[in-house]
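The structure file work_7.txt is reproduced below (compact mmCIF, C-alpha atoms).
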```txt
# COMPACT_ATOMS: atom_id res chain seq x y z
CA MET A 1 -36.05 21.22 16.14
CA SER A 2 -36.20 23.38 13.05
CA LEU A 3 -35.13 22.21 9.62
CA LEU A 4 -32.05 24.46 9.77
CA GLN A 5 -31.02 23.00 13.14
CA ARG A 6 -31.42 19.44 11.80
CA VAL A 7 -29.28 20.29 8.77
CA ILE A 8 -26.58 21.81 10.97
CA VAL A 9 -26.57 18.76 13.25
CA SER A 10 -26.40 16.42 10.25
CA VAL A 11 -23.55 18.33 8.62
CA THR A 12 -21.64 18.49 11.91
CA ALA A 13 -22.07 14.74 12.41
CA ALA A 14 -20.92 14.03 8.86
CA LEU A 15 -17.84 16.23 9.25
CA SER A 16 -16.98 14.62 12.59
CA LEU A 17 -17.25 11.18 11.03
CA ALA A 18 -15.07 12.26 8.11
CA VAL A 19 -12.37 13.58 10.46
CA LEU A 20 -12.43 10.40 12.55
CA SER A 21 -12.28 8.23 9.44
CA ALA A 22 -9.40 10.24 8.02
CA ASP A 23 -7.41 9.79 11.23
CA ALA A 24 -8.15 6.06 11.39
CA PHE A 25 -7.15 5.51 7.77
CA ALA A 26 -4.50 8.12 7.05
CA GLU A 27 -3.35 8.08 3.46
CA VAL A 28 0.16 6.95 2.68
CA ASP A 29 1.97 9.99 1.29
CA PRO A 30 2.00 9.93 -2.54
CA ASN A 31 5.76 10.49 -2.61
CA CYS A 32 6.19 7.51 -0.31
CA MET A 33 4.03 5.42 -2.65
CA ASP A 34 6.25 6.54 -5.54
CA CYS A 35 9.36 5.44 -3.65
CA LEU A 36 7.89 2.05 -2.71
CA CYS A 37 7.04 1.48 -6.37
CA GLU A 38 10.45 2.73 -7.49
CA ALA A 39 12.20 0.44 -5.00
CA ALA A 40 10.15 -2.62 -5.94
CA THR A 41 10.47 -2.60 -9.75
CA GLY A 42 11.70 0.79 -10.87
CA CYS A 43 7.98 1.55 -11.06
CA ASN A 44 7.68 -0.59 -14.15
CA PHE A 45 3.95 -0.80 -14.91
CA THR A 46 4.47 -3.51 -17.52
CA VAL A 47 5.75 -6.04 -14.96
CA LYS A 48 3.51 -9.08 -14.95
CA CYS A 49 3.45 -11.93 -12.45
CA GLN A 50 6.54 -14.03 -11.98
CA LYS A 51 7.97 -16.80 -9.85
CA THR A 52 11.20 -15.29 -8.57
CA TYR A 53 12.20 -18.50 -6.77
CA PRO A 54 10.36 -21.70 -5.78
CA GLY A 55 7.26 -20.80 -3.78
CA ALA A 56 7.58 -17.06 -4.47
CA TYR A 57 5.04 -15.50 -6.82
CA PHE A 58 5.02 -11.71 -7.14
CA CYS A 59 3.02 -9.40 -9.40
CA GLY A 60 2.99 -5.88 -10.72
CA PRO A 61 4.84 -2.62 -10.19
CA PHE A 62 4.89 -3.01 -6.39
CA HIS A 63 6.03 -6.68 -6.58
CA ILE A 64 3.07 -7.91 -4.50
CA SER A 65 2.54 -11.46 -3.24
CA TRP A 66 -0.81 -13.20 -2.92
CA GLY A 67 -0.50 -13.13 0.90
CA TYR A 68 0.16 -9.39 0.95
CA TRP A 69 -2.92 -8.85 -1.23
CA ALA A 70 -5.04 -11.10 0.99
CA ASP A 71 -3.82 -9.31 4.15
CA ALA A 72 -4.82 -6.00 2.53
CA GLY A 73 -8.41 -7.22 2.23
CA LYS A 74 -8.30 -8.59 -1.33
CA PRO A 75 -9.07 -5.38 -3.21
CA VAL A 76 -10.15 -6.00 -6.79
CA LEU A 77 -10.80 -4.20 -10.02
CA GLN A 78 -14.36 -3.00 -10.56
CA HIS A 79 -16.66 -5.92 -11.43
CA ASP A 80 -14.05 -8.50 -10.36
CA ASN A 81 -14.70 -11.05 -7.64
CA PRO A 82 -12.09 -11.29 -4.86
CA GLU A 83 -12.56 -15.06 -4.89
CA GLY A 84 -12.10 -15.23 -8.66
CA GLU A 85 -9.22 -17.31 -9.98
CA ARG A 86 -7.23 -14.35 -11.37
CA ALA A 87 -8.50 -11.51 -9.12
CA PHE A 88 -5.13 -11.15 -7.39
CA GLU A 89 -3.20 -10.93 -10.66
CA HIS A 90 -5.70 -8.52 -12.20
CA CYS A 91 -5.43 -6.09 -9.28
CA ALA A 92 -1.70 -6.43 -8.56
CA THR A 93 -0.76 -5.67 -12.17
CA ASP A 94 -3.08 -2.67 -12.48
CA ARG A 95 -1.56 0.77 -11.81
CA TYR A 96 -4.32 1.98 -9.49
CA CYS A 97 -5.47 -1.27 -7.92
CA SER A 98 -1.90 -2.24 -6.97
CA ALA A 99 -1.48 1.11 -5.22
CA LYS A 100 -4.74 0.44 -3.39
CA ILE A 101 -3.35 -2.89 -2.17
CA VAL A 102 -0.27 -1.15 -0.74
CA LYS A 103 -2.29 1.64 0.87
CA GLN A 104 -4.75 -0.77 2.49
CA HIS A 105 -1.90 -2.98 3.69
CA MET A 106 -0.09 -0.02 5.25
CA ASN A 107 -3.27 1.34 6.81
CA LYS A 108 -3.85 -2.05 8.39
CA PHE A 109 -0.29 -2.97 9.41
CA GLY A 110 1.67 0.28 9.49
CA LYS A 111 3.81 0.55 12.62
CA ASP A 112 7.09 1.94 13.89
CA CYS A 113 9.54 -0.71 12.71
CA ASP A 114 12.79 1.14 13.32
CA GLY A 115 12.00 2.24 16.87
CA ASP A 116 12.28 5.99 16.28
CA GLY A 117 8.80 6.67 17.68
CA VAL A 118 7.30 7.67 14.32
CA VAL A 119 5.52 5.65 11.64
CA SER A 120 7.23 6.89 8.50
CA CYS A 121 7.79 5.93 4.90
CA ARG A 122 10.98 4.14 5.97
CA ASP A 123 8.79 1.92 8.18
CA TYR A 124 6.47 1.31 5.24
CA ALA A 125 9.46 0.32 3.11
CA ARG A 126 10.52 -2.22 5.74
CA ILE A 127 6.99 -3.62 5.99
CA HIS A 128 6.73 -3.79 2.22
CA LYS A 129 10.04 -5.59 1.76
CA LEU A 130 10.41 -7.61 4.99
CA GLY A 131 6.79 -8.17 5.98
CA ARG A 132 4.86 -6.83 8.92
CA ASN A 133 6.40 -9.33 11.33
CA GLY A 134 9.98 -8.96 10.10
CA CYS A 135 10.16 -5.19 9.73
CA ALA A 136 12.36 -4.62 12.79
CA ALA A 137 15.30 -5.99 10.81
CA PRO A 138 17.30 -3.59 8.64
CA LEU A 139 16.60 -3.53 4.93
CA PRO A 140 19.08 -5.67 3.00
CA PRO A 141 21.74 -3.74 1.06
CA GLY A 142 21.45 -3.24 -2.71
CA GLY A 143 18.48 -3.38 -5.10
CA PHE A 144 15.30 -2.44 -3.27
CA THR A 145 17.08 -0.51 -0.51
CA THR A 146 19.31 1.48 -2.86
CA ARG A 147 16.40 2.44 -5.12
CA PHE A 148 14.25 3.36 -2.09
CA GLU A 149 16.95 5.52 -0.46
CA GLU A 150 17.73 7.33 -3.73
CA CYS A 151 14.04 8.07 -4.29
CA ALA A 152 13.50 9.11 -0.66
CA ALA A 153 16.41 11.57 -0.89
CA ARG A 154 15.19 12.93 -4.24
CA LEU A 155 11.57 13.38 -3.08
CA ASN A 156 12.46 14.37 0.51
CA VAL A 157 10.54 11.42 1.98
CA PHE A 158 11.17 10.41 5.58
```

Structure rendered as structure tokens:
Amino acid sequence: MSLLQRVIVSVTAALSLAVLSADAFAEVDPNCMDCLCEAATGCNFTVKCQKTYPGAYFCGPFHISWGYWADAGKPVLQHDNPEGERAFEHCATDRYCSAKIVKQHMNKFGKDCDGDGVVSCRDYARIHKLGRNGCAAPLPPGGFTTRFEECAARLNVF
């Protein structure tokens, strides 16, 4: 096999792998990410970690719990250790790392929650708010749901 043929085979294999990887881990639409953030905290990037009620500890602009972070694969900031004492807080309160948590969580657990046959941003909103096992239930009225629906209408997110 000539050098040119080997290069063509290598490039074709790399492109095929890239296409397969892209399908397996489709990106969550940026507008959807914006609406999830908007719904959670008004996309307030200064939100730190807080106990909202006994046993509930949420952090950052996406209002992420430790369990959600762990389910997403424990992404961390560069040079941080996922087993480090504050790794969760560091990532969940960072603009980019918190978005990575949400994307990885949705790539892993995204499913059709509302039964319309399509995995959409509305399904992601249910998973984000109600959890992957409770997402068949409707979103509760007010707060999160109102902010999400207003953003979804404004950004034409489905």

**OP:** Extract, using only C-alpha atoms, all DNA, RNA and protein residues at most 10 Å from segment 61-76 of chain A, discarding same-chain residues fewer than 4 positions from it, and format them as a PyMOL selection string.
**Re:** chain A and resi 33-50+56-57+80-84+86-95+97-109+128-129+131-132

Original post:
Which of these residues is nearest to Glu149 of chain A, using all atoms listed in the file: A:Ala125, A:Val28, A:Ala136, A:Leu130?
Top reply: A:Ala125

Subject >> Pairwise distance for atom CA of Tyr124 of chain A and atom CA of Gly143 of chain A, rounded to one decimal in Å >> reply: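 About the pair atom CA of Tyr124 of chain A and atom CA of Gly143 of chain A: they are 16.5 Å apart.
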
Subject >> atom CA of Cys151 of chain A to atom CA of Cys113 of chain A, straight-line distance in Å >> reply: 19.7 Å

Subject >> Pairwise distance for atom CA of Gly60 of chain A and atom CA of Ser120 of chain A, rounded to one decimal in Å >> reply: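 Distance reported for this atom pair: 23.5 Å.
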
Subject >> Shell around Arg122 of chain A at 9 Å using only C-alpha atoms, local window under 5 positions removed, as a PyMOL selection string >> reply: chain A and resi 32+113-114+127+148-149+152+157-158

**OP:** Rank nothing, just name the residue among A:Leu155, A:Glu85, A:Gly115, A:His79 nearest to Pro138 of chain A, using all atoms listed in the file.
**Re:**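 Closest to Pro138 of chain A of all the choices is A:Gly115.
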
Subject >> For Cys135 of chain A, the nearest of the candidates A:Arg154, A:Arg147, A:Lys111, A:Lys51, counting only C-alpha atoms >> reply: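 Under the stated criterion, the closest residue is A:Lys111.
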
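Distance annotation: of A:Thr146, A:Tyr96, A:Asp29, A:Asp123, the residue with the minimal separation from Leu77 of chain A is A:Tyr96; atom set is all atoms listed in the file.
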
Using the file's own x, y and z axes, what box holds all listed atoms of segment 100-107 of chain A with 8 Å on each side, keeping edges along x, y and z, and what are its centre and edge lengths in Å to one decimal, as JSON?
```
{"center_x": -2.4, "center_y": -0.7, "center_z": 1.7, "size_x": 20.7, "size_y": 20.6, "size_z": 26.2}
```
